[in-house]
$ cat model-v9.cif   # mmCIF, C-alpha atoms
data_start
#
loop_
_atom_site.label_atom_id
_atom_site.label_comp_id
_atom_site.auth_asym_id
_atom_site.auth_seq_id
_atom_site.Cartn_x
_atom_site.Cartn_y
_atom_site.Cartn_z
CA MET R 1 113.60 91.24 56.02
CA SER R 2 113.56 94.98 56.61
CA SER R 3 115.00 95.60 53.16
CA LYS R 4 111.99 94.00 51.50
CA LYS R 5 109.02 96.19 50.68
CA MET R 6 105.63 94.55 50.50
CA ILE R 7 103.81 95.72 47.38
CA ASP R 8 100.63 93.66 47.59
CA GLU R 9 98.73 91.57 50.11
CA PHE R 10 95.42 89.79 49.74
CA ILE R 11 93.37 86.95 51.13
CA ILE R 12 92.03 84.26 48.82
CA PRO R 13 88.76 82.99 50.34
CA LYS R 14 88.27 79.32 51.04
CA CYS R 15 87.31 77.08 48.09
CA THR R 16 88.20 79.68 45.46
CA GLY R 17 90.95 80.28 42.94
CA LYS R 18 92.90 83.34 41.89
CA ALA R 19 95.69 84.11 39.44
CA PHE R 20 98.21 86.96 39.60
CA LYS R 21 101.53 87.93 38.06
CA VAL R 22 104.85 88.16 39.86
CA GLY R 23 107.74 89.97 38.19
CA LYS R 24 111.24 88.58 37.82
CA GLY R 25 113.18 89.28 41.02
CA GLN R 26 110.08 89.72 43.16
CA LYS R 27 109.27 87.34 45.99
CA PHE R 28 105.90 86.13 47.11
CA ARG R 29 104.65 84.26 50.14
CA VAL R 30 101.85 81.75 50.49
CA ILE R 31 100.70 82.11 54.08
CA GLU R 32 98.51 79.96 56.29
CA HIS R 33 95.73 82.44 57.15
CA GLU R 34 94.01 80.06 59.54
CA GLY R 35 96.28 76.99 59.42
CA LYS R 36 96.17 73.44 58.02
CA GLN R 37 95.05 74.52 54.55
CA VAL R 38 96.63 73.42 51.26
CA ALA R 39 97.17 75.80 48.34
CA GLY R 40 97.63 74.27 44.88
CA LEU R 41 100.00 76.34 42.72
CA ILE R 42 100.33 76.38 38.92
CA PHE R 43 103.19 78.45 37.47
CA LEU R 44 103.41 79.67 33.88
CA ASN R 45 106.01 81.83 32.16
CA ALA R 46 104.07 85.13 31.95
CA ASN R 47 105.61 85.77 28.51
CA ASN R 48 104.92 82.29 27.10
CA TYR R 49 102.07 80.35 28.65
CA LYS R 50 103.30 77.15 26.99
CA GLU R 51 106.28 77.13 29.33
CA GLN R 52 104.80 75.59 32.46
CA PHE R 53 106.16 74.35 35.78
CA MET R 54 106.58 70.56 35.87
CA ALA R 55 106.15 69.20 39.34
CA GLU R 56 107.48 65.62 39.27
CA PHE R 57 110.30 66.46 36.91
CA SER R 58 111.53 69.18 39.25
CA GLY R 59 111.79 66.62 42.05
CA GLY R 60 114.21 64.52 39.98
CA LEU R 61 116.16 67.53 38.70
CA ASN R 62 116.67 68.79 42.28
CA TYR R 63 117.68 65.40 43.62
CA PHE R 64 120.15 64.57 40.85
CA HIS R 65 121.76 68.02 40.78
CA PRO R 66 125.44 67.82 41.80
CA SER R 67 124.69 69.98 44.88
CA HIS R 68 121.78 67.68 45.77
CA MET R 69 119.68 70.82 46.23
CA GLY R 70 116.34 69.20 46.97
CA SER R 71 114.03 66.26 46.42
CA HIS R 72 110.51 65.26 45.58
CA TYR R 73 109.49 66.02 49.17
CA ARG R 74 111.57 69.21 49.61
CA LEU R 75 111.92 71.22 46.41
CA SER R 76 114.41 74.05 46.02
CA LYS R 77 114.25 74.97 42.31
CA LEU R 78 111.09 74.83 40.21
CA TYR R 79 111.76 73.86 36.58
CA SER R 80 109.66 74.28 33.45
CA LYS R 81 108.65 71.48 31.09
CA VAL R 82 110.58 70.03 28.18
CA PRO R 83 111.90 71.44 25.90
CA TYR R 84 112.47 74.55 28.07
CA GLU R 85 113.78 73.09 31.36
CA ASN R 86 114.47 76.53 32.89
CA VAL R 87 114.45 77.47 36.57
CA MET R 88 111.20 79.41 36.97
CA LEU R 89 111.27 79.98 40.73
CA THR R 90 113.42 79.28 43.77
CA VAL R 91 112.04 78.39 47.18
CA THR R 92 113.69 80.89 49.54
CA ASP R 93 111.92 80.09 52.81
CA ASN R 94 110.13 76.90 53.75
CA LYS R 95 110.24 76.11 57.46
CA ILE R 96 107.39 73.59 57.43
CA GLY R 97 108.74 71.94 54.34
CA ASP R 98 105.70 69.92 53.37
CA HIS R 99 104.42 70.01 49.84
CA PHE R 100 103.11 67.45 47.40
CA LEU R 101 104.36 67.50 43.83
CA GLY R 102 101.36 65.78 42.36
CA PRO R 103 97.83 66.11 41.06
CA HIS R 104 95.26 68.58 42.35
CA CYS R 105 91.81 67.25 43.22
CA THR R 106 89.27 66.86 40.42
CA LYS R 107 85.67 65.84 39.71
CA THR R 108 86.65 62.15 39.40
CA MET R 109 88.18 62.17 42.89
CA MET R 110 84.94 63.65 44.25
CA GLU R 111 83.01 60.89 42.44
CA ILE R 112 85.26 58.23 44.00
CA TRP R 113 84.55 59.82 47.41
CA LYS R 114 80.82 59.54 46.55
CA THR R 115 80.30 63.31 46.54
CA PRO R 116 79.67 63.87 42.81
CA GLY R 117 79.47 67.54 41.85
CA HIS R 118 81.48 68.62 44.92
CA ARG R 119 83.76 71.57 44.17
CA SER R 120 87.35 70.59 43.33
CA CYS R 121 90.65 72.34 42.59
CA SER R 122 89.79 71.91 38.88
CA ASP R 123 86.91 74.40 39.38
CA ASN R 124 89.15 76.83 41.26
CA PHE R 125 91.88 76.71 38.63
CA THR R 126 89.30 77.07 35.84
CA ASP R 127 88.02 80.29 37.49
CA ALA R 128 91.52 81.61 38.17
CA LEU R 129 92.86 80.94 34.67
CA LYS R 130 89.79 82.42 32.95
CA GLU R 131 90.90 85.94 33.96
CA PHE R 132 93.99 85.43 31.79
CA GLY R 133 92.18 83.83 28.86
CA LEU R 134 93.30 80.32 29.72
CA ALA R 135 91.36 77.09 30.28
CA LEU R 136 92.22 73.88 32.09
CA GLU R 137 92.69 72.29 28.65
CA ASP R 138 95.74 74.56 28.20
CA ILE R 139 97.46 73.27 31.34
CA TYR R 140 99.49 70.23 30.34
CA SER R 141 99.89 68.45 33.65
CA PRO R 142 97.43 68.00 36.51
CA SER R 143 100.43 67.96 38.83
CA VAL R 144 100.94 71.17 40.76
CA PHE R 145 102.91 72.47 43.73
CA ASN R 146 100.51 71.58 46.56
CA ALA R 147 101.92 73.83 49.29
CA PHE R 148 101.55 72.47 52.85
CA ALA R 149 100.15 69.10 51.62
CA ASN R 150 101.25 66.18 53.77
CA VAL R 151 101.27 63.30 51.28
CA VAL R 152 103.69 60.38 50.95
CA ILE R 153 104.01 57.69 48.30
CA ASP R 154 104.48 54.14 49.57
CA PRO R 155 107.93 52.98 48.39
CA LYS R 156 106.65 49.39 48.29
CA GLY R 157 103.78 47.42 46.78
CA ASP R 158 101.57 49.31 44.36
CA GLY R 159 102.92 52.70 45.47
CA THR R 160 99.71 53.94 47.05
CA ILE R 161 99.44 57.37 48.65
CA GLN R 162 98.86 58.32 52.27
CA THR R 163 97.46 61.75 53.10
CA GLY R 164 97.79 63.25 56.57
CA PRO R 165 96.56 66.60 57.90
CA PRO R 166 98.90 69.54 57.15
CA ARG R 167 101.55 70.25 59.78
CA SER R 168 101.38 74.00 59.05
CA GLU R 169 99.72 76.35 61.53
CA LYS R 170 98.38 79.88 61.23
CA GLY R 171 101.13 82.25 60.11
CA ASP R 172 103.40 79.58 58.60
CA HIS R 173 104.48 80.41 55.09
CA ILE R 174 106.48 79.35 52.08
CA GLU R 175 108.35 81.98 50.07
CA PHE R 176 109.28 81.87 46.38
CA LEU R 177 111.63 84.06 44.36
CA ALA R 178 110.49 84.53 40.75
CA GLU R 179 113.42 83.83 38.41
CA MET R 180 111.33 84.97 35.42
CA ASN R 181 108.04 86.82 35.02
CA VAL R 182 105.49 84.26 36.17
CA LEU R 183 101.75 83.88 36.18
CA VAL R 184 100.72 82.14 39.40
CA ALA R 185 97.35 80.38 39.63
CA VAL R 186 96.28 79.43 43.15
CA SER R 187 93.58 77.00 44.16
CA VAL R 188 92.66 77.16 47.83
CA CYS R 189 91.89 73.46 47.95
CA PRO R 190 88.16 72.81 48.55
CA ASP R 191 88.61 69.19 49.63
CA ASP R 192 86.86 68.55 52.95
CA GLN R 193 86.52 64.82 52.20
CA SER R 194 90.06 63.74 53.06
CA ALA R 195 92.69 64.72 55.63
CA MET R 196 94.25 67.04 53.00
CA ASN R 197 92.92 70.23 54.71
CA ASP R 198 92.20 68.60 58.07
CA HIS R 199 88.56 68.11 56.94
CA SER R 200 87.71 71.81 56.88
CA CYS R 201 88.30 74.40 54.15
CA LYS R 202 89.96 77.70 55.06
CA ALA R 203 91.41 80.81 53.42
CA ILE R 204 94.99 81.49 52.28
CA LYS R 205 96.90 84.78 52.37
CA ILE R 206 99.34 86.00 49.70
CA GLN R 207 102.01 88.68 50.02
CA ILE R 208 104.17 90.01 47.18
CA TYR R 209 107.49 91.74 47.87
CA GLN R 210 109.56 94.06 45.71
CA SER R 211 112.98 92.83 44.64
CA MET B 1 91.41 33.10 24.24
CA SER B 2 93.24 33.45 20.98
CA TRP B 3 94.59 36.61 19.37
CA LYS B 4 94.76 37.91 15.84
CA VAL B 5 98.00 39.83 15.43
CA VAL B 6 97.26 43.08 13.58
CA GLU B 7 100.74 44.54 13.92
CA ASP B 8 104.03 43.20 15.26
CA VAL B 9 107.16 45.35 15.36
CA VAL B 10 110.54 45.29 17.03
CA VAL B 11 111.52 48.87 17.87
CA PRO B 12 115.29 49.41 17.97
CA LYS B 13 117.02 50.44 21.15
CA SER B 14 117.18 54.14 22.03
CA THR B 15 114.44 55.25 19.64
CA GLY B 16 110.94 56.69 19.86
CA LYS B 17 107.81 55.80 17.92
CA THR B 18 104.03 56.18 17.71
CA MET B 19 101.45 53.46 17.02
CA LYS B 20 97.71 53.78 16.36
CA ILE B 21 95.43 51.54 18.39
CA LYS B 22 91.70 51.30 17.71
CA LYS B 23 89.14 51.12 20.49
CA GLY B 24 88.78 47.48 21.56
CA GLN B 25 92.23 46.46 20.34
CA THR B 26 94.96 45.40 22.75
CA PHE B 27 98.41 46.99 22.77
CA ARG B 28 101.07 44.57 23.99
CA VAL B 29 104.60 45.56 25.04
CA ILE B 30 107.04 42.65 25.12
CA GLU B 31 110.52 42.34 26.63
CA HIS B 32 112.54 41.46 23.51
CA GLU B 33 115.85 40.97 25.33
CA GLY B 34 114.78 41.57 28.94
CA LYS B 35 115.28 44.27 31.58
CA GLN B 36 114.43 47.17 29.28
CA VAL B 37 112.15 50.06 30.20
CA VAL B 38 109.70 51.77 27.86
CA ASP B 39 108.42 55.26 28.65
CA LEU B 40 104.86 55.27 27.44
CA THR B 41 102.05 57.75 27.03
CA PHE B 42 98.80 57.82 25.07
CA LEU B 43 96.84 60.48 23.22
CA ASN B 44 93.17 60.45 22.27
CA ALA B 45 93.45 59.87 18.50
CA GLN B 46 90.60 62.35 17.93
CA ASN B 47 91.87 65.11 20.26
CA TYR B 48 95.58 65.32 20.97
CA LYS B 49 94.97 67.69 23.88
CA GLU B 50 93.45 64.77 25.77
CA HIS B 51 96.52 62.87 26.87
CA PHE B 52 97.24 60.23 29.48
CA ALA B 53 98.20 61.56 32.92
CA ALA B 54 100.33 59.00 34.76
CA GLU B 55 100.62 60.76 38.13
CA PHE B 56 96.91 61.57 38.13
CA SER B 57 96.12 57.93 37.30
CA ALA B 58 98.38 56.82 40.16
CA ILE B 59 96.25 58.82 42.60
CA LEU B 60 92.92 57.68 41.15
CA ASN B 61 94.04 54.03 41.15
CA SER B 62 95.35 54.38 44.70
CA MET B 63 92.00 55.80 45.85
CA GLN B 64 90.21 52.82 44.28
CA GLY B 65 92.64 50.19 45.58
CA ILE B 66 93.62 49.13 42.05
CA GLY B 67 97.14 50.53 41.84
CA GLY B 68 99.35 53.50 42.61
CA TYR B 69 102.69 54.94 41.52
CA HIS B 70 104.11 51.41 40.91
CA ARG B 71 101.17 49.80 39.09
CA LEU B 72 98.03 50.89 37.24
CA THR B 73 94.82 49.22 36.24
CA ARG B 74 92.98 52.20 34.71
CA LEU B 75 94.80 54.80 32.64
CA TYR B 76 93.02 58.18 32.90
CA SER B 77 93.37 61.26 30.74
CA LYS B 78 94.20 64.65 32.24
CA PRO B 79 91.58 67.01 33.65
CA PRO B 80 89.17 68.28 32.52
CA TYR B 81 88.67 65.11 30.39
CA GLU B 82 89.33 62.41 33.03
CA ASN B 83 88.28 59.49 30.83
CA VAL B 84 89.55 55.92 31.12
CA MET B 85 91.72 55.74 28.01
CA ALA B 86 93.06 52.22 28.47
CA THR B 87 92.88 49.33 30.92
CA VAL B 88 95.76 47.07 31.91
CA THR B 89 94.46 43.55 31.28
CA ASP B 90 97.61 41.48 31.72
CA ASP B 91 100.57 42.46 33.89
CA LYS B 92 102.30 39.44 35.41
CA VAL B 93 105.40 41.40 36.49
CA GLY B 94 103.26 44.10 38.15
CA SER B 95 101.16 41.39 39.79
CA GLY B 96 104.21 39.95 41.51
CA ASP B 97 105.13 36.97 39.30
CA ARG B 98 108.78 38.04 39.29
CA GLY B 99 108.80 38.83 43.00
CA GLY B 100 110.22 42.08 44.27
CA GLU B 101 109.19 44.46 47.02
CA ARG B 102 107.06 46.57 44.69
CA ALA B 103 104.98 46.17 41.56
CA GLY B 104 107.85 47.37 39.41
CA HIS B 105 106.50 50.19 37.23
CA TRP B 106 106.92 53.93 37.84
CA MET B 107 104.39 56.69 37.16
CA MET B 108 106.98 59.44 36.99
CA CYS B 109 109.43 61.18 34.73
CA HIS B 110 111.83 60.23 31.98
CA CYS B 111 115.39 61.36 31.35
CA SER B 112 115.90 64.76 29.73
CA LYS B 113 118.71 67.02 28.58
CA ARG B 114 118.76 68.89 31.91
CA LEU B 115 118.60 65.69 33.97
CA VAL B 116 121.63 64.05 32.33
CA GLU B 117 123.45 67.39 32.57
CA HIS B 118 122.85 67.31 36.34
CA LEU B 119 124.10 63.72 36.39
CA GLY B 120 127.30 64.79 34.67
CA ALA B 121 126.75 62.98 31.36
CA PRO B 122 128.59 64.33 28.30
CA PRO B 123 126.66 66.95 26.27
CA GLY B 124 124.63 65.38 23.49
CA THR B 125 123.87 62.19 25.44
CA ARG B 126 120.66 60.79 24.01
CA THR B 127 117.65 60.93 26.35
CA CYS B 128 114.01 59.93 26.35
CA SER B 129 113.22 63.59 25.53
CA ASP B 130 114.94 63.13 22.16
CA ASN B 131 112.99 59.93 21.53
CA PHE B 132 109.70 61.62 22.42
CA ALA B 133 110.54 64.58 20.16
CA ASP B 134 111.06 62.13 17.27
CA ALA B 135 107.88 60.22 18.12
CA PHE B 136 105.71 63.34 18.35
CA ARG B 137 107.12 64.57 15.03
CA GLU B 138 105.58 61.48 13.36
CA ILE B 139 102.14 62.90 14.16
CA GLY B 140 103.01 66.54 13.54
CA LEU B 141 103.41 67.63 17.16
CA ARG B 142 106.19 69.60 18.81
CA GLN B 143 107.18 69.10 22.44
CA GLU B 144 106.13 72.71 23.12
CA ASP B 145 102.57 71.67 22.26
CA THR B 146 102.32 68.50 24.27
CA TYR B 147 103.36 66.87 27.48
CA ASP B 148 105.44 63.76 28.02
CA GLU B 149 107.16 64.46 31.31
CA THR B 150 105.16 62.22 33.59
CA ILE B 151 104.41 58.96 31.86
CA PHE B 152 103.98 55.21 32.41
CA ASN B 153 107.54 53.94 32.86
CA VAL B 154 106.81 50.30 32.12
CA TRP B 155 109.13 48.00 34.14
CA MET B 156 111.02 50.96 35.58
CA HIS B 157 111.92 49.72 39.05
CA SER B 158 112.09 53.02 40.93
CA TRP B 159 110.72 54.39 44.16
CA LEU B 160 110.89 57.40 46.45
CA SER B 161 112.68 56.99 49.75
CA GLU B 162 111.44 58.75 52.87
CA ASP B 163 113.59 61.82 52.21
CA GLY B 164 112.12 62.17 48.70
CA GLY B 165 115.17 60.70 47.01
CA MET B 166 114.68 58.73 43.79
CA ASN B 167 116.03 55.19 43.67
CA PHE B 168 116.64 52.79 40.78
CA ALA B 169 116.97 49.03 40.61
CA GLN B 170 117.21 46.79 37.57
CA PRO B 171 113.86 45.87 35.99
CA LEU B 172 112.19 42.69 37.19
CA ALA B 173 111.00 41.83 33.66
CA GLU B 174 112.77 39.11 31.70
CA THR B 175 112.75 38.24 27.99
CA GLY B 176 109.22 37.33 26.90
CA ASP B 177 107.42 39.12 29.74
CA HIS B 178 104.68 41.43 28.53
CA ILE B 179 102.02 43.90 29.59
CA ASP B 180 98.66 44.34 27.81
CA PHE B 181 96.67 47.56 27.47
CA LEU B 182 93.08 47.34 26.23
CA ALA B 183 92.18 50.55 24.36
CA ASN B 184 88.99 52.10 25.73
CA MET B 185 89.06 54.73 22.95
CA ASP B 186 90.96 55.23 19.69
CA LEU B 187 94.50 55.91 20.86
CA ILE B 188 97.90 56.91 19.69
CA ALA B 189 100.62 55.29 21.79
CA VAL B 190 103.71 57.50 22.01
CA PHE B 191 106.79 55.89 23.47
CA SER B 192 110.51 55.99 24.07
CA VAL B 193 112.61 52.84 24.29
CA CYS B 194 114.73 54.30 27.08
CA PRO B 195 118.34 54.94 25.96
CA ASP B 196 119.85 55.13 29.45
CA GLU B 197 122.99 53.04 29.97
CA SER B 198 124.34 54.85 33.02
CA SER B 199 122.02 53.39 35.69
CA PRO B 200 120.34 50.10 36.65
CA CYS B 201 117.20 51.52 34.94
CA ASN B 202 117.84 49.29 31.86
CA ASP B 203 120.44 47.15 33.62
CA PHE B 204 123.20 49.39 32.17
CA LYS B 205 122.42 48.38 28.57
CA ALA B 206 119.88 49.85 26.15
CA LYS B 207 117.97 47.17 24.26
CA ALA B 208 115.14 46.79 21.75
CA LEU B 209 111.49 46.12 22.62
CA ARG B 210 108.69 44.39 20.75
CA PHE B 211 105.21 45.89 20.33
CA GLN B 212 102.05 44.19 19.08
CA ILE B 213 98.53 45.29 18.32
CA LEU B 214 96.11 42.42 18.92
CA GLU B 215 92.44 41.69 18.42
CA SER B 216 90.75 39.01 20.48
CA VAL B 217 89.22 36.21 18.44
CA GLY B 218 86.00 34.70 19.72
CA ASN B 219 83.60 36.07 22.28
CA THR B 220 85.91 36.12 25.30
CA GLU B 221 86.93 39.52 26.67
CA PRO B 222 90.49 39.74 27.98
CA SER B 223 90.44 38.83 31.63
CA THR B 224 91.61 41.28 34.25
#

$ encode --input "model-v9.cif" --output "structure tokens"
Amino acid sequence: MSSKKMIDEFIIPKCTGKAFKVGKGQKFRVIEHEGKQVAGLIFLNANNYKEQFMAEFSGGLNYFHPSHMGSHYRLSKLYSKVPYENVMLTVTDNKIGDHFLGPHCTKTMMEIWKTPGHRSCSDNFTDALKEFGLALEDIYSPSVFNAFANVVIDPKGDGTIQTGPPRSEKGDHIEFLAEMNVLVAVSVCPDDQSAMNDHSCKAIKIQIYQS
Amino acid sequence: MSWKVVEDVVVPKSTGKTMKIKKGQTFRVIEHEGKQVVDLTFLNAQNYKEHFAAEFSAILNSMQGIGGYHRLTRLYSKPPYENVMATVTDDKVGSGDRGGERAGHWMMCHCSKRLVEHLGAPPGTRTCSDNFADAFREIGLRQEDTYDETIFNVWMHSWLSEDGGMNFAQPLAETGDHIDFLANMDLIAVFSVCPDESSPCNDFKAKALRFQILESVGNTEPST
């Protein structure tokens, strides 16, 4: 760790979004600033915004790789959408391990929870992407890398989901190596309606390291 | 209730296609030979950026107790649109008529060039990506400009095990089984008749499927 030089560090306040660029070869960490808080992550190729991370697909590509390098519940390589299918990032440190490769929360979820108008990850991503001239309409899939989310899909019946509180505590982190220049959009999930963030919204810390 | 058949086509195995469905019409997918998966998505016919989001629909249906990753009742479009694009009005296989531990569909991904490469298939093996590329071309779209990764895998009998591994079993659907989608807006159905012959996904043999566009005759709405 001593060989790595931190070049940027910032806190993203609760219930907000922020986007930033990470250069090829740089690493960045998503850190639990207070604990039990999910961060939704969208990744775009910084040189071609049409090349976007595809969450579910990456689960399959990891699992069926000859080296069996990961799975839907423990991703190792993050791939971009068809027709690109490139490795965009590699997970280099993930002690907690939990993440959900699936949709971020939206206005319709808040309506189903009978809190219409409640802030959702859609609002956070909209704010974050605006700085780079992008809108939610330009993001193909609502599925993101929900870091620290504790969600499982029932393998039987209708395949319903169960959400538990995050198992990550203050100081826990997940680290990514950028395999290309990437634009990262973060939503510090504003859901206090479900167990997703243990029913209270908190901040997230980001650190970027030189290659 | 009786139906007026507006369109009736058999789509050859291992191909992709689009079909236009007007609001109020019913889109029926029929097992022509049995145990064959179709990878299906929908676009708003008036705005191609508004497309069906299978994974998102799985969550919304799960939250409402009307489905999940193995079955859907309401098909929603991606944020920020989030409209009900279509409603499943007849789904005997998903409702358990053919038995099975799970409803028997899969709101996940299709096979792609990279996936079959990882599985060790020979280069050039046809995948659903190729079928979708052909289908999108019919309406002037390139895969760079749209999204087909996470779709409604009709009759795809897959699930995630506890370790996140993806499992496949042969489809529960037999010849003649069908699923009906009522269009809640003018839609373009975009689909791939899955070409996979290396897994139980299509019972190791790619086959044709039959598609119909129907209008209900009389005053009865399709029952749910």

$ resolve_selection --input "model-v9.cif" --expression "the PyMOL selection byres ((chain B and resi 92-108) around 8)" --output "compact mmCIF listing (two decimals) with C-alpha atoms, keeping the file's coordinate frame"
# COMPACT_ATOMS: atom_id res chain seq x y z
CA GLU R 56 107.48 65.62 39.27
CA PHE R 57 110.30 66.46 36.91
CA PRO R 155 107.93 52.98 48.39
CA LYS R 156 106.65 49.39 48.29
CA GLY R 157 103.78 47.42 46.78
CA ASP R 158 101.57 49.31 44.36
CA GLY R 159 102.92 52.70 45.47
CA ALA B 54 100.33 59.00 34.76
CA GLU B 55 100.62 60.76 38.13
CA ALA B 58 98.38 56.82 40.16
CA TYR B 69 102.69 54.94 41.52
CA HIS B 70 104.11 51.41 40.91
CA ARG B 71 101.17 49.80 39.09
CA ASP B 90 97.61 41.48 31.72
CA ASP B 91 100.57 42.46 33.89
CA CYS B 109 109.43 61.18 34.73
CA HIS B 110 111.83 60.23 31.98
CA GLU B 149 107.16 64.46 31.31
CA THR B 150 105.16 62.22 33.59
CA ILE B 151 104.41 58.96 31.86
CA PHE B 152 103.98 55.21 32.41
CA ASN B 153 107.54 53.94 32.86
CA VAL B 154 106.81 50.30 32.12
CA TRP B 155 109.13 48.00 34.14
CA MET B 156 111.02 50.96 35.58
CA HIS B 157 111.92 49.72 39.05
CA SER B 158 112.09 53.02 40.93
CA TRP B 159 110.72 54.39 44.16
CA PRO B 171 113.86 45.87 35.99
CA LEU B 172 112.19 42.69 37.19
CA ALA B 173 111.00 41.83 33.66
CA ASP B 177 107.42 39.12 29.74
CA HIS B 178 104.68 41.43 28.53
CA ILE B 179 102.02 43.90 29.59

$ atom_distance --input "model-v9.cif" --atom1 "CA of Val29 in chain B" --atom2 "CA of Asp180 in chain B"
6.7 Å

$ atom_distance --input "model-v9.cif" --atom1 "CA of Lys20 in chain B" --atom2 "CA of Gln52 in chain R"
28.0 Å

$ resolve_selection --input "model-v9.cif" --expression "the PyMOL selection byres ((chain R) within 9 of (chain B))" --output "ChimeraX atom specification"
/R:50-51,54,56-57,59-66,70-74,81-86,102-104,106-109,112-113,122,136-143,152-161

$ closest_residue --input "model-v9.cif" --among "R:Gln193, R:Ser211, R:Thr16, R:Val30" --to "Glu111 in chain R" --atoms "all atoms listed in the file"
R:Gln193

$ decode --input "model-v9.cif" --residues "range 35-88 of chain B" --atoms "C-alpha atoms" --output "mmCIF file, in the first residue's frame"
data_model
loop_
_atom_site.group_PDB
_atom_site.id
_atom_site.type_symbol
_atom_site.label_atom_id
_atom_site.label_comp_id
_atom_site.auth_asym_id
_atom_site.auth_seq_id
_atom_site.Cartn_x
_atom_site.Cartn_y
_atom_site.Cartn_z
ATOM 1 C CA LYS B 35 -38.572 -26.279 -25.056
ATOM 2 C CA GLN B 36 -37.306 -23.243 -26.954
ATOM 3 C CA VAL B 37 -36.402 -19.919 -25.352
ATOM 4 C CA VAL B 38 -37.058 -16.498 -26.850
ATOM 5 C CA ASP B 39 -35.088 -13.479 -25.644
ATOM 6 C CA LEU B 40 -37.540 -10.626 -25.796
ATOM 7 C CA THR B 41 -37.507 -6.882 -25.320
ATOM 8 C CA PHE B 42 -39.836 -4.044 -26.275
ATOM 9 C CA LEU B 43 -39.377 -0.460 -27.428
ATOM 10 C CA ASN B 44 -41.884 2.380 -27.290
ATOM 11 C CA ALA B 45 -42.773 2.671 -31.006
ATOM 12 C CA GLN B 46 -42.802 6.476 -30.674
ATOM 13 C CA ASN B 47 -39.515 6.829 -28.737
ATOM 14 C CA TYR B 48 -36.890 4.128 -29.106
ATOM 15 C CA LYS B 49 -34.998 5.449 -26.087
ATOM 16 C CA GLU B 50 -37.847 4.196 -23.910
ATOM 17 C CA HIS B 51 -37.160 0.490 -23.775
ATOM 18 C CA PHE B 52 -38.265 -2.361 -21.549
ATOM 19 C CA ALA B 53 -36.072 -2.976 -18.490
ATOM 20 C CA ALA B 54 -36.350 -6.609 -17.399
ATOM 21 C CA GLU B 55 -34.267 -6.440 -14.207
ATOM 22 C CA PHE B 56 -36.005 -3.238 -13.134
ATOM 23 C CA SER B 57 -39.388 -4.861 -13.791
ATOM 24 C CA ALA B 58 -38.323 -7.870 -11.721
ATOM 25 C CA ILE B 59 -37.748 -5.596 -8.722
ATOM 26 C CA LEU B 60 -40.959 -3.605 -9.197
ATOM 27 C CA ASN B 61 -43.011 -6.798 -9.608
ATOM 28 C CA SER B 62 -41.317 -8.330 -6.569
ATOM 29 C CA MET B 63 -42.169 -5.260 -4.476
ATOM 30 C CA GLN B 64 -45.819 -5.551 -5.545
ATOM 31 C CA GLY B 65 -46.047 -9.324 -5.055
ATOM 32 C CA ILE B 66 -46.832 -9.911 -8.743
ATOM 33 C CA GLY B 67 -43.584 -11.484 -9.911
ATOM 34 C CA GLY B 68 -39.808 -11.310 -9.726
ATOM 35 C CA TYR B 69 -36.793 -12.518 -11.691
ATOM 36 C CA HIS B 70 -38.665 -15.712 -12.764
ATOM 37 C CA ARG B 71 -42.043 -14.225 -13.709
ATOM 38 C CA LEU B 72 -43.515 -10.824 -14.570
ATOM 39 C CA THR B 73 -46.979 -9.373 -14.657
ATOM 40 C CA ARG B 74 -46.142 -5.745 -15.519
ATOM 41 C CA LEU B 75 -43.373 -4.881 -17.957
ATOM 42 C CA TYR B 76 -41.903 -1.452 -17.118
ATOM 43 C CA SER B 77 -39.719 0.812 -19.208
ATOM 44 C CA LYS B 78 -36.371 2.087 -17.929
ATOM 45 C CA PRO B 79 -36.010 5.195 -15.772
ATOM 46 C CA PRO B 80 -36.763 8.024 -16.143
ATOM 47 C CA TYR B 81 -39.832 6.795 -18.115
ATOM 48 C CA GLU B 82 -41.017 3.952 -15.842
ATOM 49 C CA ASN B 83 -44.255 3.303 -17.718
ATOM 50 C CA VAL B 84 -46.104 -0.018 -17.890
ATOM 51 C CA MET B 85 -45.391 -0.975 -21.498
ATOM 52 C CA ALA B 86 -47.131 -4.357 -21.522
ATOM 53 C CA THR B 87 -49.024 -6.675 -19.192
ATOM 54 C CA VAL B 88 -48.743 -10.459 -19.124
#
